[in-house]
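Visitor: protein_12.csv is reproduced below (CSV, C-alpha atoms and all ligand atoms).
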```csv
chain,number,residue,atom,x,y,z
T,378,PHE,CA,-5.5,-40.9,-32.4
T,379,PRO,CA,-9.0,-40.2,-31.1
T,380,PRO,CA,-11.3,-38.3,-33.4
T,381,ASN,CA,-11.6,-34.6,-32.6
T,382,ASP,CA,-14.6,-34.0,-30.6
T,383,SER,CA,-15.0,-30.3,-30.3
T,384,SER,CA,-18.0,-28.7,-31.7
T,385,GLY,CA,-16.9,-25.1,-32.3
T,386,PRO,CA,-14.1,-22.7,-31.9
T,387,GLY,CA,-12.3,-22.4,-28.6
T,388,ILE,CA,-12.9,-26.0,-27.5
T,389,HIS,CA,-10.2,-28.3,-26.2
T,390,ILE,CA,-9.6,-31.1,-28.7
T,391,GLY,CA,-7.4,-34.2,-28.8
T,392,LEU,CA,-4.9,-33.9,-31.6
T,393,GLY,CA,-2.2,-36.5,-31.7
T,394,GLN,CA,-0.7,-36.9,-28.3
T,395,THR,CA,-0.8,-33.2,-27.5
T,396,GLY,CA,-4.2,-31.8,-26.6
T,397,ILE,CA,-4.2,-28.3,-28.1
T,398,HIS,CA,-6.6,-25.5,-27.5
T,399,SER,CA,-8.2,-24.9,-30.9
T,400,ASN,CA,-9.7,-21.5,-31.8
T,401,ILE,CA,-9.6,-22.2,-35.5
T,402,ASP,CA,-12.7,-21.1,-37.3
T,403,LEU,CA,-11.9,-22.5,-40.7
T,404,SER,CA,-9.7,-25.4,-41.8
T,405,VAL,CA,-8.9,-26.0,-45.5
T,406,VAL,CA,-7.8,-29.5,-46.4
T,407,VAL,CA,-5.8,-29.9,-49.6
T,408,PRO,CA,-5.0,-33.5,-50.8
T,409,ALA,CA,-2.0,-33.3,-53.0
T,410,TYR,CA,-0.3,-36.0,-55.1
T,411,ASN,CA,2.5,-34.8,-57.2
T,412,GLU,CA,1.3,-31.2,-57.3
T,413,GLU,CA,4.6,-29.3,-57.0
T,414,ALA,CA,3.5,-27.0,-59.8
T,415,ASN,CA,0.3,-26.0,-58.1
T,416,ILE,CA,1.1,-25.6,-54.4
T,417,LEU,CA,2.4,-22.0,-54.4
T,418,ALA,CA,-0.1,-20.8,-56.9
T,419,LEU,CA,-2.9,-22.3,-54.8
T,420,TYR,CA,-1.6,-20.7,-51.7
T,421,GLU,CA,-1.4,-17.3,-53.4
T,422,ARG,CA,-5.0,-17.4,-54.4
T,423,LEU,CA,-6.3,-19.2,-51.3
T,424,SER,CA,-4.6,-17.3,-48.6
T,425,PRO,CA,-6.1,-13.8,-49.2
T,426,VAL,CA,-9.6,-15.4,-49.4
T,427,LEU,CA,-9.1,-17.1,-46.1
T,428,GLU,CA,-7.6,-13.9,-44.6
T,429,SER,CA,-10.7,-12.0,-45.6
T,430,ILE,CA,-12.9,-14.6,-43.9
T,431,THR,CA,-11.0,-15.1,-40.7
T,432,PRO,CA,-7.4,-14.8,-39.5
T,433,ASN,CA,-8.0,-17.9,-37.5
T,434,HIS,CA,-7.6,-20.4,-40.3
T,435,GLU,CA,-5.4,-23.3,-41.1
T,436,ILE,CA,-4.4,-24.9,-44.4
T,437,ILE,CA,-3.6,-28.6,-44.2
T,438,PHE,CA,-1.8,-30.1,-47.1
T,439,VAL,CA,-2.0,-33.9,-47.2
T,440,ASP,CA,0.9,-35.1,-49.3
T,441,ASP,CA,-0.3,-38.5,-50.6
T,442,GLY,CA,3.2,-40.0,-51.1
T,443,SER,CA,4.2,-37.6,-53.8
T,444,HIS,CA,7.4,-38.3,-55.8
T,445,ASP,CA,8.1,-34.7,-56.7
T,446,LYS,CA,8.7,-31.6,-54.6
T,447,THR,CA,5.2,-31.2,-53.2
T,448,VAL,CA,6.5,-31.5,-49.6
T,449,GLU,CA,9.3,-29.0,-50.2
T,450,LYS,CA,6.8,-26.5,-51.6
T,451,VAL,CA,4.6,-26.9,-48.6
T,452,LEU,CA,7.5,-26.4,-46.2
T,453,MET,CA,8.4,-23.3,-48.2
T,454,LEU,CA,5.0,-21.9,-47.3
T,455,ARG,CA,5.8,-22.5,-43.7
T,456,GLY,CA,8.7,-20.3,-44.3
T,457,ARG,CA,11.7,-22.3,-43.1
T,458,PRO,CA,15.0,-21.4,-44.5
T,459,TRP,CA,16.3,-23.6,-47.3
T,460,ASP,CA,19.4,-23.7,-49.5
T,461,GLY,CA,17.5,-22.8,-52.6
T,462,PRO,CA,14.7,-24.4,-54.4
T,463,ASP,CA,17.0,-26.5,-56.6
T,464,ASN,CA,19.2,-28.3,-54.2
T,465,PHE,CA,16.8,-28.5,-51.3
T,466,ASP,CA,16.4,-32.1,-50.1
T,467,GLY,CA,14.5,-31.6,-46.9
T,468,GLN,CA,17.5,-32.6,-44.8
T,469,ASP,CA,18.9,-29.1,-44.4
T,470,SER,CA,20.4,-28.6,-40.9
T,471,ALA,CA,19.1,-25.1,-40.8
T,472,PHE,CA,15.8,-26.8,-40.8
T,473,ALA,CA,15.9,-27.8,-37.2
T,474,ASP,CA,15.7,-24.4,-35.6
T,475,GLY,CA,12.1,-23.4,-36.1
T,476,PRO,CA,10.1,-21.1,-38.3
T,477,MET,CA,12.1,-18.5,-40.3
T,478,ASN,CA,12.4,-15.1,-38.8
T,479,PRO,CA,12.1,-12.6,-41.7
T,480,GLN,CA,14.7,-10.3,-40.1
T,481,THR,CA,17.4,-12.9,-39.7
T,482,HIS,CA,16.5,-14.9,-42.8
T,483,PRO,CA,15.7,-12.5,-45.6
T,484,ARG,CA,15.4,-15.2,-48.1
T,485,PRO,CA,11.9,-15.6,-49.5
T,486,GLY,CA,9.8,-17.9,-47.5
T,487,TYR,CA,6.1,-17.4,-46.9
T,488,GLY,CA,6.5,-17.7,-43.1
T,489,ASP,CA,2.9,-18.8,-42.6
T,490,PRO,CA,2.7,-21.2,-39.6
T,491,ARG,CA,-1.0,-21.8,-40.4
T,492,VAL,CA,0.1,-23.9,-43.3
T,493,LYS,CA,0.4,-27.5,-42.0
T,494,LEU,CA,1.6,-30.7,-43.5
T,495,VAL,CA,0.6,-34.3,-43.2
T,496,SER,CA,2.8,-36.5,-45.3
T,497,PHE,CA,2.0,-40.2,-46.1
T,498,SER,CA,4.6,-42.9,-46.2
T,499,ARG,CA,3.3,-43.8,-49.7
T,500,ASN,CA,0.4,-43.2,-52.0
T,501,PHE,CA,-2.7,-44.2,-50.2
T,502,GLY,CA,-5.1,-42.6,-52.6
T,503,HIS,CA,-7.3,-39.5,-52.7
T,504,GLU,CA,-9.9,-40.8,-50.3
T,505,MET,CA,-7.4,-41.6,-47.6
T,506,ALA,CA,-5.8,-38.2,-48.1
T,507,ASN,CA,-9.2,-36.6,-47.4
T,508,THR,CA,-9.7,-38.9,-44.4
T,509,ALA,CA,-6.3,-37.8,-42.9
T,510,GLY,CA,-7.1,-34.2,-43.6
T,511,PHE,CA,-10.4,-34.4,-41.7
T,512,ARG,CA,-8.8,-36.2,-38.8
T,513,HIS,CA,-6.2,-33.4,-38.5
T,514,ALA,CA,-8.4,-30.5,-39.1
T,515,SER,CA,-9.6,-28.6,-36.0
T,516,GLY,CA,-11.7,-25.8,-37.4
T,517,ALA,CA,-15.3,-25.1,-36.7
T,518,ALA,CA,-15.8,-25.5,-40.5
T,519,VAL,CA,-13.7,-27.6,-42.8
T,520,VAL,CA,-13.4,-27.1,-46.5
T,521,ILE,CA,-11.9,-29.6,-48.9
T,522,ILE,CA,-10.4,-28.3,-52.1
T,523,ASP,CA,-8.3,-29.9,-54.9
T,524,ALA,CA,-4.7,-28.7,-55.2
T,525,ASP,CA,-4.9,-28.1,-58.9
T,526,LEU,CA,-7.0,-24.9,-58.7
T,527,GLN,CA,-9.9,-26.5,-60.6
T,528,ASP,CA,-12.0,-25.4,-57.7
T,529,PRO,CA,-12.0,-21.6,-57.3
T,530,PRO,CA,-10.8,-20.7,-53.8
T,531,GLU,CA,-12.8,-17.4,-53.9
T,532,LEU,CA,-16.0,-19.6,-53.6
T,533,ILE,CA,-15.0,-20.5,-50.0
T,534,ALA,CA,-16.2,-17.0,-48.9
T,535,ASP,CA,-19.7,-17.9,-50.2
T,536,MET,CA,-19.6,-21.4,-48.7
T,537,TYR,CA,-18.6,-19.9,-45.3
T,538,GLN,CA,-21.4,-17.5,-45.6
T,539,LYS,CA,-23.8,-20.4,-46.0
T,540,PHE,CA,-22.2,-22.1,-43.1
T,541,THR,CA,-22.8,-19.1,-40.8
T,542,GLU,CA,-26.4,-19.3,-42.0
T,543,GLY,CA,-26.6,-22.7,-40.4
T,544,PHE,CA,-25.8,-25.2,-43.2
T,545,ASP,CA,-23.7,-28.2,-42.2
T,546,VAL,CA,-22.7,-29.4,-45.6
T,547,VAL,CA,-22.2,-26.9,-48.4
T,548,TYR,CA,-21.6,-28.4,-51.8
T,549,ALA,CA,-20.1,-26.5,-54.7
T,550,LYS,CA,-22.2,-27.3,-57.6
T,551,ARG,CA,-20.6,-26.9,-61.0
T,552,ILE,CA,-22.7,-25.3,-63.6
T,553,SER,CA,-20.0,-25.6,-66.3
T,554,ARG,CA,-16.7,-27.3,-66.9
T,555,LYS,CA,-13.9,-25.8,-68.9
T,556,ARG,CA,-12.1,-27.9,-71.4
T,557,GLU,CA,-12.6,-31.2,-69.8
T,558,SER,CA,-13.0,-33.8,-72.6
T,559,PHE,CA,-16.5,-34.6,-73.8
T,560,LEU,CA,-15.8,-38.2,-72.9
T,561,LYS,CA,-15.0,-37.3,-69.3
T,562,LYS,CA,-18.1,-35.1,-68.9
T,563,THR,CA,-20.4,-37.8,-70.4
T,564,THR,CA,-18.9,-40.6,-68.4
T,565,SER,CA,-19.1,-38.6,-65.2
T,566,LYS,CA,-22.8,-37.8,-65.9
T,567,LEU,CA,-23.5,-41.4,-66.7
T,568,PHE,CA,-21.7,-42.5,-63.6
T,569,TYR,CA,-23.8,-40.4,-61.2
T,570,ARG,CA,-27.0,-41.4,-62.9
T,571,VAL,CA,-26.1,-45.1,-62.6
T,572,MET,CA,-24.8,-44.6,-59.1
T,573,ASN,CA,-27.9,-43.0,-57.9
T,574,ALA,CA,-30.0,-45.7,-59.6
T,575,LEU,CA,-28.0,-48.5,-58.1
T,576,SER,CA,-27.3,-47.3,-54.6
T,577,ASP,CA,-29.8,-46.4,-51.9
T,578,LEU,CA,-28.3,-43.0,-51.6
T,579,GLU,CA,-28.7,-39.8,-53.5
T,580,VAL,CA,-25.3,-38.4,-54.3
T,581,PRO,CA,-26.0,-34.8,-55.6
T,582,LEU,CA,-25.3,-34.4,-59.3
T,583,ASP,CA,-22.4,-32.3,-60.6
T,584,THR,CA,-20.6,-31.9,-57.4
T,585,GLY,CA,-16.9,-32.7,-57.0
T,586,ASP,CA,-15.1,-33.0,-53.7
T,587,PHE,CA,-15.1,-29.3,-53.2
T,588,ARG,CA,-17.3,-28.7,-50.2
T,589,LEU,CA,-17.6,-27.3,-46.7
T,590,LEU,CA,-18.4,-29.4,-43.7
T,591,SER,CA,-19.3,-28.2,-40.2
T,592,ARG,CA,-17.5,-29.6,-37.3
T,593,ARG,CA,-20.3,-31.9,-36.3
T,594,VAL,CA,-20.3,-33.5,-39.8
T,595,VAL,CA,-16.5,-34.0,-39.6
T,596,VAL,CA,-16.8,-35.5,-36.1
T,597,GLU,CA,-19.3,-38.1,-37.5
T,598,LEU,CA,-17.1,-38.7,-40.6
T,599,ASN,CA,-14.1,-39.3,-38.3
T,600,LYS,CA,-16.0,-42.1,-36.5
T,601,LEU,CA,-16.3,-44.1,-39.7
T,602,GLU,CA,-13.6,-46.7,-40.0
T,603,GLU,CA,-14.4,-48.4,-43.3
T,604,HIS,CA,-11.5,-49.0,-45.7
T,605,ASN,CA,-13.4,-48.7,-48.9
T,606,ARG,CA,-14.4,-45.1,-48.7
T,607,TYR,CA,-16.4,-43.1,-51.0
T,608,PHE,CA,-16.2,-39.7,-49.5
T,609,ARG,CA,-18.7,-38.0,-51.8
T,610,GLY,CA,-21.4,-40.5,-50.7
T,611,LEU,CA,-20.3,-40.5,-47.0
T,612,THR,CA,-20.9,-36.8,-46.4
T,613,HIS,CA,-24.4,-37.3,-47.8
T,614,TRP,CA,-24.9,-40.4,-45.7
T,615,VAL,CA,-24.1,-38.4,-42.5
T,616,GLY,CA,-27.0,-36.1,-43.2
T,617,PHE,CA,-27.7,-32.7,-41.5
T,618,ASN,CA,-28.6,-29.5,-43.4
T,619,VAL,CA,-27.4,-29.4,-46.9
T,620,GLY,CA,-26.8,-26.3,-49.0
T,621,TYR,CA,-25.3,-25.4,-52.4
T,622,VAL,CA,-23.3,-22.7,-54.0
T,623,GLU,CA,-22.7,-22.7,-57.8
T,624,PHE,CA,-19.6,-22.2,-59.8
T,625,HIS,CA,-17.8,-22.7,-63.1
T,626,ARG,CA,-15.1,-25.4,-62.9
T,627,ASP,CA,-11.8,-24.3,-64.3
T,628,GLU,CA,-9.1,-26.3,-66.0
T,629,ARG,CA,-6.2,-27.6,-64.1
T,630,HIS,CA,-3.6,-24.9,-63.3
T,631,ALA,CA,-0.7,-27.3,-64.1
T,632,GLY,CA,0.1,-30.9,-64.3
T,633,GLU,CA,-2.0,-33.9,-65.3
T,634,THR,CA,-5.1,-35.4,-63.9
T,635,LYS,CA,-4.3,-38.2,-61.5
T,636,TYR,CA,-7.4,-40.1,-62.4
T,637,ASN,CA,-7.3,-42.3,-65.4
T,638,TYR,CA,-10.3,-44.3,-66.6
T,639,ILE,CA,-9.2,-47.4,-64.7
T,640,LYS,CA,-9.0,-45.4,-61.4
T,641,LEU,CA,-12.4,-43.8,-62.1
T,642,PHE,CA,-13.9,-47.2,-62.9
T,643,ARG,CA,-12.5,-48.5,-59.6
T,644,LEU,CA,-13.9,-45.5,-57.8
T,645,ALA,CA,-17.3,-46.1,-59.4
T,646,PHE,CA,-17.3,-49.7,-58.4
T,647,ASP,CA,-16.3,-48.9,-54.9
T,648,ALA,CA,-19.0,-46.3,-54.7
T,649,ILE,CA,-21.7,-48.7,-55.8
T,650,ILE,CA,-20.6,-51.7,-53.8
T,651,SER,CA,-20.0,-49.8,-50.6
T,652,PHE,CA,-23.4,-48.2,-50.7
T,653,SER,CA,-25.7,-50.8,-52.1
T,654,TYR,CA,-26.7,-54.4,-52.3
T,655,LYS,CA,-28.5,-53.8,-55.6
T,656,PRO,CA,-25.8,-55.6,-57.7
T,657,LEU,CA,-26.5,-58.8,-55.7
T,658,LYS,CA,-30.2,-58.3,-56.1
T,659,ILE,CA,-30.0,-57.7,-59.8
T,660,PHE,CA,-28.0,-60.9,-60.2
T,661,SER,CA,-30.3,-63.0,-58.1
T,662,LEU,CA,-33.2,-61.8,-60.2
T,663,MET,CA,-31.2,-62.7,-63.3
T,664,GLY,CA,-30.6,-66.2,-61.8
T,665,PHE,CA,-34.3,-66.7,-61.4
T,666,VAL,CA,-35.0,-65.5,-65.0
T,667,VAL,CA,-32.4,-67.8,-66.5
T,668,SER,CA,-33.4,-70.8,-64.5
T,669,GLY,CA,-37.0,-70.1,-65.3
T,670,ILE,CA,-36.3,-70.0,-69.0
T,671,SER,CA,-34.1,-73.2,-68.7
T,672,PHE,CA,-37.0,-75.0,-67.0
T,673,LEU,CA,-39.4,-74.2,-69.8
T,674,LEU,CA,-36.9,-75.2,-72.4
T,675,MET,CA,-36.2,-78.5,-70.5
T,676,ILE,CA,-39.9,-79.4,-70.6
T,677,TYR,CA,-40.1,-78.6,-74.3
T,678,TRP,CA,-37.0,-80.8,-75.0
T,679,VAL,CA,-38.2,-83.7,-72.9
T,680,LEU,CA,-41.6,-83.7,-74.5
T,681,ASP,CA,-40.0,-83.3,-77.9
T,682,LYS,CA,-37.9,-86.4,-77.2
T,683,LEU,CA,-40.7,-88.5,-75.6
T,684,LEU,CA,-43.6,-87.6,-78.0
T,685,LEU,CA,-41.8,-87.0,-81.3
T,686,ASN,CA,-38.6,-88.9,-80.6
T,687,ASN,CA,-36.3,-86.1,-81.8
T,688,ALA,CA,-33.0,-86.8,-80.3
T,689,VAL,CA,-29.3,-86.0,-81.2
T,690,GLU,CA,-30.1,-82.6,-82.7
T,691,GLY,CA,-29.6,-79.5,-80.5
T,692,TRP,CA,-25.9,-79.0,-80.2
T,693,THR,CA,-26.3,-75.3,-80.9
T,694,SER,CA,-28.9,-74.7,-78.2
T,695,LEU,CA,-26.9,-76.8,-75.8
T,696,ALA,CA,-23.7,-74.9,-76.4
T,697,SER,CA,-25.3,-71.5,-76.3
T,698,ILE,CA,-27.2,-72.3,-73.1
T,699,MET,CA,-24.0,-73.6,-71.4
T,700,LEU,CA,-21.8,-70.7,-72.4
T,701,PHE,CA,-24.5,-68.1,-71.5
T,702,SER,CA,-25.2,-69.6,-68.1
T,703,PHE,CA,-21.5,-70.1,-67.3
T,704,GLY,CA,-20.9,-66.5,-68.2
T,705,ILE,CA,-23.7,-65.3,-65.9
T,706,LEU,CA,-22.5,-67.6,-63.1
T,707,MET,CA,-19.0,-66.2,-63.3
T,708,ILE,CA,-20.1,-62.6,-63.2
T,709,GLN,CA,-22.3,-63.4,-60.2
T,710,ILE,CA,-19.5,-65.1,-58.4
T,711,SER,CA,-17.2,-62.2,-59.0
T,712,ILE,CA,-19.7,-59.7,-57.7
T,713,VAL,CA,-20.1,-61.8,-54.6
T,714,GLY,CA,-16.3,-61.9,-54.5
T,715,GLU,CA,-16.2,-58.1,-54.6
T,716,TYR,CA,-18.3,-58.0,-51.4
T,717,VAL,CA,-16.3,-60.7,-49.8
T,718,GLY,CA,-13.0,-59.0,-50.7
T,719,ARG,CA,-14.3,-55.8,-49.0
T,720,ILE,CA,-15.2,-57.8,-45.9
T,721,HIS,CA,-11.7,-59.2,-45.9
T,722,ASP,CA,-10.3,-55.6,-46.1
T,723,GLU,CA,-12.3,-54.6,-43.1
T,724,VAL,CA,-11.5,-57.6,-40.9
T,725,LYS,CA,-7.8,-57.2,-41.4
T,726,ARG,CA,-8.2,-53.9,-39.5
T,727,ARG,CA,-5.1,-52.4,-41.0
T,728,PRO,CA,-4.6,-48.7,-40.5
T,729,LEU,CA,-6.2,-46.5,-43.2
T,730,PHE,CA,-3.0,-44.7,-43.9
T,731,ILE,CA,0.5,-44.2,-42.4
T,732,VAL,CA,1.8,-40.8,-41.7
T,733,GLN,CA,5.6,-40.4,-41.9
T,734,ARG,CA,5.9,-36.8,-41.2
T,735,LYS,CA,3.8,-34.0,-39.7
T,736,GLU,CA,4.5,-30.3,-39.5
T,737,GLY,CA,2.5,-27.7,-37.7
T,738,PHE,CA,0.6,-29.9,-35.3
T,739,GLY,CA,3.1,-29.5,-32.4
T,740,LEU,CA,4.7,-32.9,-33.2
T,741,GLU,CA,7.5,-32.0,-35.6
T,742,THR,CA,9.9,-34.9,-35.6
T,743,PRO,CA,10.7,-35.7,-39.1
T,744,GLY,CA,10.5,-39.5,-39.7
T,745,GLN,CA,8.2,-40.0,-36.8
T,746,GLU,CA,5.6,-42.7,-37.5
T,747,ASP,CA,2.0,-42.3,-36.9
T,748,ARG,CA,-0.7,-44.8,-37.7
T,749,ASP,CA,-4.3,-44.2,-38.1
L,1,LIG,N1,-5.0,-36.9,-55.4
L,1,LIG,C1,-4.5,-37.5,-54.2
L,1,LIG,N2,-4.1,-38.8,-54.3
L,1,LIG,C2,-4.2,-39.5,-55.5
L,1,LIG,C3,-4.8,-38.9,-56.6
L,1,LIG,C4,-5.2,-37.5,-56.5
L,1,LIG,O1,-4.3,-36.9,-53.2
L,1,LIG,O2,-3.9,-40.7,-55.5
L,1,LIG,C5,-5.4,-35.4,-55.3
L,1,LIG,C6,-4.8,-34.5,-56.3
L,1,LIG,O3,-3.5,-34.1,-56.0
L,1,LIG,C7,-5.8,-33.4,-56.4
L,1,LIG,C8,-7.1,-34.1,-56.1
L,1,LIG,O4,-6.8,-35.3,-55.4
L,1,LIG,O5,-5.5,-32.4,-55.5
L,1,LIG,C9,-7.9,-34.4,-57.3
L,1,LIG,O6,-7.2,-35.1,-58.3
L,1,LIG,P1,-7.2,-34.8,-59.8
L,1,LIG,O7,-7.2,-33.3,-60.1
L,1,LIG,O8,-6.1,-35.6,-60.5
L,1,LIG,O9,-8.6,-35.3,-60.2
L,1,LIG,P2,-9.7,-34.7,-61.3
L,1,LIG,O10,-9.8,-33.2,-61.0
L,1,LIG,O11,-9.1,-34.9,-62.6
L,1,LIG,O12,-10.9,-35.4,-61.1
L,2,MG,MG,-8.4,-31.9,-60.9
```
Go ahead and render the structure in this file as structure tokens.
Ligand code: UDP
Ligand code: MG
Guide:
Amino acid sequence: FPPNDSSGPGIHIGLGQTGIHSNIDLSVVVPAYNEEANILALYERLSPVLESITPNHEIIFVDDGSHDKTVEKVLMLRGRPWDGPDNFDGQDSAFADGPMNPQTHPRPGYGDPRVKLVSFSRNFGHEMANTAGFRHASGAAVVIIDADLQDPPELIADMYQKFTEGFDVVYAKRISRKRESFLKKTTSKLFYRVMNALSDLEVPLDTGDFRLLSRRVVVELNKLEEHNRYFRGLTHWVGFNVGYVEFHRDERHAGETKYNYIKLFRLAFDAIISFSYKPLKIFSLMGFVVSGISFLLMIYWVLDKLLLNNAVEGWTSLASIMLFSFGILMIQISIVGEYVGRIHDEVKRRPLFIVQRKEGFGLETPGQEDRD
């Protein structure tokens, strides 16, 4: 659907096929992949904070193809009646007749229609979940927060304060991290240093995804159609006024991190390649150095043969030169391949993600397909 193009509260925006009149001040986007143990806890901490900022808020959970009860938990927040948490399968017939009325349905639901759900048809990854969240958010300010309570929701009040002072991007900068492994802290530090050195873009150090974006930043982000996204870099690429608030990063409330080192490495690779040509430049430089050295060696060997008639010897040098230059060549080709592969991704023009279900946007047909 077309990107939202409102620039503040009370402006008519295009959302899905239904144009709705948005007077939402603050949208919170929560990407969630197998976070069943965190959804309710997050809501209980997040909701009072948002309530104290503005009653006109929305919380958009983007279920990234979870295999657990993440979706059920979100629907529970919307307060529809269900058979009980244990045998709920999302197919309850009571489900069809709208939000729960606390008088007629005394069973505990949260009854909060400001909680919204976008559910993917499969796991499309964290970056795509963020993307979907932004495309569905209609607030004048949009906050993105992890589902695992590692980012303290209370901080949103400070971020919103900064937003009202005129900042378009407000990063939450962590000044400490609780109980994350030494290896993770060091690799993450190293990654940002390497990343900033290799790409032409300064990604602020020690920030996660937790940040607030103004509507005009979100509008610009929604225009970007690239498939290999590195959201942390993109918000910086967009520009505008950047501010910071500081915090102490907590440990996960429950569950396991969804990022293993392979995924992190891929993210790093994506980040560097989608923001910079430096890998290509470094390897072309290396090509010049290696061929320069080879040229000098060649002269030396030819003279050695012609003047001193030393032949036959030199198996060792030959073998090492060949292996070394083949190695370099292969790496160079694979780096070029990475760029070509990304071009291939882009020209296929596949949708970035597929939504199989939405709740709270006025289009509530379960099973409906929406491509973006
Ligand atoms: N996440 C997601 N899709 C994925 C992986 C993660 O939507 O494929 C979400 C996850 O549910 C969480 C956020 O992204 O809300 C950050 O993930 P995680 O906490 O695992 O990362 P870490 O904090 O360890 O960097
Ligand atoms: Mg986390």
Visitor: I'd like the neighbourhood of Phe703 in chain T as a PyMOL selection string, where a residue qualifies if any of its atoms comes within 12 Å (using only C-alpha atoms), though same-chain residues fewer than 6 positions away should be ignored.
Guide: chain T and resi 664+667+696-697+709-710
Visitor: Using the selection just defined, write its residues with C-alpha atoms as a short mmCIF file (atom, residue, chain, number, x, y, z; two decimals), keeping the file's coordinate frame.
Guide:
```
data_model
loop_
_atom_site.label_atom_id
_atom_site.label_comp_id
_atom_site.auth_asym_id
_atom_site.auth_seq_id
_atom_site.Cartn_x
_atom_site.Cartn_y
_atom_site.Cartn_z
CA GLY T 664 -30.60 -66.20 -61.80
CA VAL T 667 -32.40 -67.80 -66.50
CA ALA T 696 -23.70 -74.90 -76.40
CA SER T 697 -25.30 -71.50 -76.30
CA GLN T 709 -22.30 -63.40 -60.20
CA ILE T 710 -19.50 -65.10 -58.40
#
```
Visitor: Do you have, as CSV, the list of residues of chain T lying at most 8 Å from ligand LIG 1 (chain L), each with its nearest atom pair and that distance in Å to one decimal, counting all atoms listed in the file and ordered by chain then number?
Guide:
```
residue,atom,partner,partner_atom,distance
T:Val407,CA,L:LIG1,O5,6.4
T:Pro408,CA,L:LIG1,O1,4.2
T:Ala409,CA,L:LIG1,O3,3.4
T:Tyr410,CA,L:LIG1,O3,3.8
T:Asn411,CA,L:LIG1,O3,6.2
T:Glu412,CA,L:LIG1,O3,5.8
T:Val439,CA,L:LIG1,O1,7.1
T:Asp440,CA,L:LIG1,O1,6.7
T:Asp441,CA,L:LIG1,O1,5.0
T:Asn500,CA,L:LIG1,O2,6.1
T:Phe501,CA,L:LIG1,O2,6.5
T:Gly502,CA,L:LIG1,O2,3.7
T:His503,CA,L:LIG1,N2,3.6
T:Glu504,CA,L:LIG1,N2,7.3
T:Met505,CA,L:LIG1,O1,7.9
T:Ala506,CA,L:LIG1,O1,5.5
T:Asn507,CA,L:LIG1,O1,7.6
T:Ile522,CA,L:LIG1,O5,7.2
T:Asp523,CA,L:LIG1,O5,3.8
T:Ala524,CA,L:LIG1,O5,3.8
T:Asp525,CA,L:LIG1,O5,5.5
T:Gln527,CA,L:LIG1,O10,6.7
T:Gly585,CA,L:LIG1,O12,7.8
T:Arg629,CA,L:LIG1,O7,7.0
T:Glu633,CA,L:LIG1,O8,6.5
T:Thr634,CA,L:LIG1,O8,3.5
T:Lys635,CA,L:LIG1,O8,3.3
T:Tyr636,CA,L:LIG1,O8,5.1
```
Visitor: Restricting the calculation to only C-alpha atoms and all ligand atoms, which member of T:Ser404, T:Ala509, T:Asp528, T:Val520 is positioned closest to ligand MG 2 (chain L)?
Guide: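 Ranked by minimum distance to ligand MG 2 (chain L), first place goes to T:Asp528.
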Visitor: For the point (-22.6, -38.8, -48.3) in file coordinates, what residues are within 12 Å, counting all atoms listed in the file? Give the answer as a PyMOL selection string?
Guide: chain T and resi 546-548+573+576-581+584+586+588+590+594-595+597-598+601+606-617+619+648+651-652
Visitor: If you measure from CA of Arg726 in chain T to CA of Ile708 in chain T, what distance in Å do you get, rounded to one decimal?
Guide: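 It comes out at 27.9 Å.
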Visitor: For a quick check of understanding, using all atoms listed in the file, which of T:Val519, T:Leu526, T:Leu706, T:Leu685 has the smallest distance to ligand MG 2 (chain L)?
Guide: T:Leu526
Visitor: If I only want range 510-518 of chain T, can you write it with N, CA and C atoms, as a CSV table (one decimal), in the first residue's frame?
Guide:
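And here is the file that came out, part_1.csv:
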```csv
chain,number,residue,atom,x,y,z
T,510,GLY,N,6.4,-2.6,10.5
T,510,GLY,CA,5.9,-1.7,11.6
T,510,GLY,C,5.8,-0.3,11.2
T,511,PHE,N,6.8,0.2,10.6
T,511,PHE,CA,6.8,1.6,10.1
T,511,PHE,C,5.7,1.9,9.1
T,512,ARG,N,5.5,0.9,8.2
T,512,ARG,CA,4.5,1.1,7.2
T,512,ARG,C,3.1,1.2,7.7
T,513,HIS,N,2.9,0.5,8.9
T,513,HIS,CA,1.6,0.5,9.5
T,513,HIS,C,1.4,1.5,10.6
T,514,ALA,N,2.5,2.1,11.0
T,514,ALA,CA,2.3,3.1,12.1
T,514,ALA,C,1.8,4.4,11.6
T,515,SER,N,0.9,5.1,12.3
T,515,SER,CA,0.4,6.3,11.8
T,515,SER,C,0.6,7.5,12.8
T,516,GLY,N,1.4,7.3,13.8
T,516,GLY,CA,1.6,8.3,14.8
T,516,GLY,C,2.5,9.4,14.3
T,517,ALA,N,2.4,10.6,15.0
T,517,ALA,CA,3.3,11.7,14.7
T,517,ALA,C,4.7,11.4,15.1
T,518,ALA,N,4.8,10.5,16.1
T,518,ALA,CA,6.2,10.0,16.5
T,518,ALA,C,6.1,8.5,16.5
```
